[in-house]
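One file, start_19.json, carrying JSON, N, CA and C atoms:
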[["chain", "number", "residue", "atom", "x", "y", "z"],
["A", 1, "MET", "N", 127.17, 110.24, 90.08],
["A", 1, "MET", "CA", 125.90, 110.91, 90.11],
["A", 1, "MET", "C", 125.92, 111.98, 91.20],
["A", 2, "SER", "N", 125.15, 113.00, 91.01],
["A", 2, "SER", "CA", 125.10, 114.12, 91.94],
["A", 2, "SER", "C", 124.70, 113.71, 93.34],
["A", 3, "LEU", "N", 123.78, 112.75, 93.45],
["A", 3, "LEU", "CA", 123.31, 112.32, 94.76],
["A", 3, "LEU", "C", 124.44, 111.72, 95.59],
["A", 4, "GLU", "N", 125.37, 111.07, 94.93],
["A", 4, "GLU", "CA", 126.51, 110.47, 95.63],
["A", 4, "GLU", "C", 127.44, 111.53, 96.19],
["A", 5, "HIS", "N", 127.30, 112.76, 95.69],
["A", 5, "HIS", "CA", 128.12, 113.87, 96.16],
["A", 5, "HIS", "C", 127.30, 114.84, 96.99],
["A", 6, "ASN", "N", 126.26, 114.31, 97.62],
["A", 6, "ASN", "CA", 125.42, 115.03, 98.57],
["A", 6, "ASN", "C", 124.59, 116.16, 97.98],
["A", 7, "ALA", "N", 124.25, 116.07, 96.72],
["A", 7, "ALA", "CA", 123.33, 117.05, 96.14],
["A", 7, "ALA", "C", 121.94, 116.83, 96.73],
["A", 8, "ASP", "N", 121.19, 117.89, 96.86],
["A", 8, "ASP", "CA", 119.82, 117.81, 97.37],
["A", 8, "ASP", "C", 118.95, 117.08, 96.35],
["A", 9, "ILE", "N", 118.20, 116.08, 96.81],
["A", 9, "ILE", "CA", 117.40, 115.27, 95.90],
["A", 9, "ILE", "C", 116.36, 116.11, 95.17],
["A", 10, "ALA", "N", 115.86, 117.16, 95.81],
["A", 10, "ALA", "CA", 114.88, 118.04, 95.15],
["A", 10, "ALA", "C", 115.53, 118.78, 93.97],
["A", 11, "LYS", "N", 116.79, 119.16, 94.12],
["A", 11, "LYS", "CA", 117.51, 119.81, 93.02],
["A", 11, "LYS", "C", 117.75, 118.83, 91.88],
["A", 12, "VAL", "N", 118.14, 117.61, 92.21],
["A", 12, "VAL", "CA", 118.37, 116.59, 91.19],
["A", 12, "VAL", "C", 117.06, 116.31, 90.45],
["A", 13, "GLN", "N", 115.97, 116.25, 91.20],
["A", 13, "GLN", "CA", 114.65, 116.06, 90.58],
["A", 13, "GLN", "C", 114.38, 117.16, 89.56],
["A", 14, "GLU", "N", 114.67, 118.39, 89.94],
["A", 14, "GLU", "CA", 114.48, 119.53, 89.05],
["A", 14, "GLU", "C", 115.38, 119.44, 87.82],
["A", 15, "TRP", "N", 116.66, 119.12, 88.03],
["A", 15, "TRP", "CA", 117.61, 119.01, 86.92],
["A", 15, "TRP", "C", 117.20, 117.95, 85.91],
["A", 16, "LEU", "N", 116.65, 116.83, 86.44],
["A", 16, "LEU", "CA", 116.27, 115.73, 85.56],
["A", 16, "LEU", "C", 114.88, 115.91, 84.96],
["A", 17, "GLY", "N", 114.12, 116.87, 85.47],
["A", 17, "GLY", "CA", 112.79, 117.13, 84.95],
["A", 17, "GLY", "C", 111.74, 116.13, 85.41],
["A", 18, "HIS", "N", 111.99, 115.49, 86.54],
["A", 18, "HIS", "CA", 111.02, 114.53, 87.07],
["A", 18, "HIS", "C", 109.87, 115.29, 87.74],
["A", 19, "ALA", "N", 108.66, 114.90, 87.44],
["A", 19, "ALA", "CA", 107.49, 115.54, 88.05],
["A", 19, "ALA", "C", 107.33, 115.14, 89.51],
["A", 20, "ASN", "N", 107.82, 113.95, 89.86],
["A", 20, "ASN", "CA", 107.65, 113.42, 91.21],
["A", 20, "ASN", "C", 109.00, 112.94, 91.74],
["A", 21, "VAL", "N", 109.29, 113.25, 92.99],
["A", 21, "VAL", "CA", 110.56, 112.85, 93.59],
["A", 21, "VAL", "C", 110.69, 111.33, 93.65],
["A", 22, "SER", "N", 109.59, 110.62, 93.63],
["A", 22, "SER", "CA", 109.64, 109.15, 93.64],
["A", 22, "SER", "C", 110.40, 108.61, 92.43],
["A", 23, "THR", "N", 110.27, 109.28, 91.31],
["A", 23, "THR", "CA", 110.99, 108.88, 90.11],
["A", 23, "THR", "C", 112.49, 109.06, 90.32],
["A", 24, "THR", "N", 112.87, 110.18, 90.90],
["A", 24, "THR", "CA", 114.28, 110.46, 91.16],
["A", 24, "THR", "C", 114.86, 109.43, 92.13],
["A", 25, "ARG", "N", 114.07, 109.04, 93.12],
["A", 25, "ARG", "CA", 114.53, 108.06, 94.10],
["A", 25, "ARG", "C", 114.84, 106.70, 93.47],
["A", 26, "LEU", "N", 114.22, 106.38, 92.36],
["A", 26, "LEU", "CA", 114.51, 105.12, 91.67],
["A", 26, "LEU", "C", 115.97, 105.05, 91.25],
["A", 27, "TYR", "N", 116.57, 106.19, 91.01],
["A", 27, "TYR", "CA", 117.95, 106.26, 90.55],
["A", 27, "TYR", "C", 118.94, 106.47, 91.69],
["A", 28, "ASP", "N", 118.43, 106.61, 92.90],
["A", 28, "ASP", "CA", 119.27, 106.85, 94.06],
["A", 28, "ASP", "C", 119.81, 105.52, 94.57],
["A", 29, "LYS", "N", 121.08, 105.27, 94.34],
["A", 29, "LYS", "CA", 121.70, 104.00, 94.72],
["A", 29, "LYS", "C", 122.47, 104.07, 96.03],
["A", 30, "ARG", "N", 122.37, 105.20, 96.73],
["A", 30, "ARG", "CA", 123.07, 105.31, 98.01],
["A", 30, "ARG", "C", 122.42, 104.39, 99.03],
["A", 31, "LYS", "N", 123.23, 103.83, 99.93],
["A", 31, "LYS", "CA", 122.70, 102.97, 100.99],
["A", 31, "LYS", "C", 122.00, 103.80, 102.05],
["A", 32, "HIS", "N", 122.50, 104.98, 102.32],
["A", 32, "HIS", "CA", 121.91, 105.86, 103.31],
["A", 32, "HIS", "C", 121.54, 107.17, 102.62],
["A", 33, "ARG", "N", 120.30, 107.56, 102.75],
["A", 33, "ARG", "CA", 119.84, 108.81, 102.15],
["A", 33, "ARG", "C", 119.67, 109.85, 103.25],
["A", 34, "PRO", "N", 120.37, 110.96, 103.16],
["A", 34, "PRO", "CA", 120.26, 111.99, 104.21],
["A", 34, "PRO", "C", 118.83, 112.44, 104.44],
["A", 35, "GLU", "N", 118.03, 112.53, 103.38],
["A", 35, "GLU", "CA", 116.66, 113.02, 103.53],
["A", 35, "GLU", "C", 115.76, 112.05, 104.29],
["A", 36, "ASP", "N", 116.21, 110.81, 104.50],
["A", 36, "ASP", "CA", 115.45, 109.86, 105.29],
["A", 36, "ASP", "C", 115.71, 110.03, 106.80],
["A", 37, "SER", "N", 116.73, 110.77, 107.15],
["A", 37, "SER", "CA", 117.06, 110.98, 108.54],
["A", 37, "SER", "C", 116.09, 111.96, 109.19],
["A", 38, "PRO", "N", 115.66, 111.70, 110.42],
["A", 38, "PRO", "CA", 114.73, 112.62, 111.08],
["A", 38, "PRO", "C", 115.34, 113.99, 111.34],
["A", 39, "THR", "N", 116.66, 114.09, 111.32],
["A", 39, "THR", "CA", 117.29, 115.38, 111.57],
["A", 39, "THR", "C", 117.64, 116.14, 110.29],
["A", 40, "PHE", "N", 117.28, 115.59, 109.16],
["A", 40, "PHE", "CA", 117.67, 116.20, 107.88],
["A", 40, "PHE", "C", 117.18, 117.64, 107.73],
["A", 41, "ARG", "N", 115.94, 117.89, 108.09],
["A", 41, "ARG", "CA", 115.35, 119.22, 107.91],
["A", 41, "ARG", "C", 115.38, 120.10, 109.16],
["A", 42, "VAL", "N", 116.10, 119.66, 110.18],
["A", 42, "VAL", "CA", 116.16, 120.44, 111.41],
["A", 42, "VAL", "C", 117.19, 121.54, 111.27],
["A", 43, "ASP", "N", 116.78, 122.75, 111.58],
["A", 43, "ASP", "CA", 117.71, 123.89, 111.58],
["A", 43, "ASP", "C", 118.32, 124.04, 112.96],
["A", 44, "TYR", "N", 119.61, 124.22, 113.00],
["A", 44, "TYR", "CA", 120.30, 124.41, 114.28],
["A", 44, "TYR", "C", 120.73, 125.85, 114.43]]

Rewrite the coordinates I just gave you, this time as structure tokens.
Amino acid sequence: MSLEHNADIAKVQEWLGHANVSTTRLYDKRKHRPEDSPTFRVDY
């Protein structure tokens, strides 16, 4: 799955046609999700 290869969950949501990212997260089987990290959206 794309998420296992570090694809952005918002892009996967778009590709799958999910109206809500919560639906996409149901299919996310990774143990650690980068978007859950507090530094995920920080620009350096």

Around all listed atoms of stretch 6-20 of chain A, padded 8 Å per side, what centre and edge lengths does the axis-aligned box have in Å to one decimal, as lines of an AutoDock Vina configuration file?
center_x = 116.8
center_y = 116.4
center_z = 91.8
size_x = 34.9
size_y = 22.9
size_z = 29.6

Would you list the contacts of A:Ser2 as a PyMOL selection string, taking every protein, DNA or RNA residue within 10 Å and counting only C-alpha atoms, but skipping same-chain residues closer than 2 positions in sequence?
chain A and resi 4-9+11-12+28

Between atom CA of A:Leu3 and atom N of A:Lys29, distance in Å (one decimal)
7.4 Å
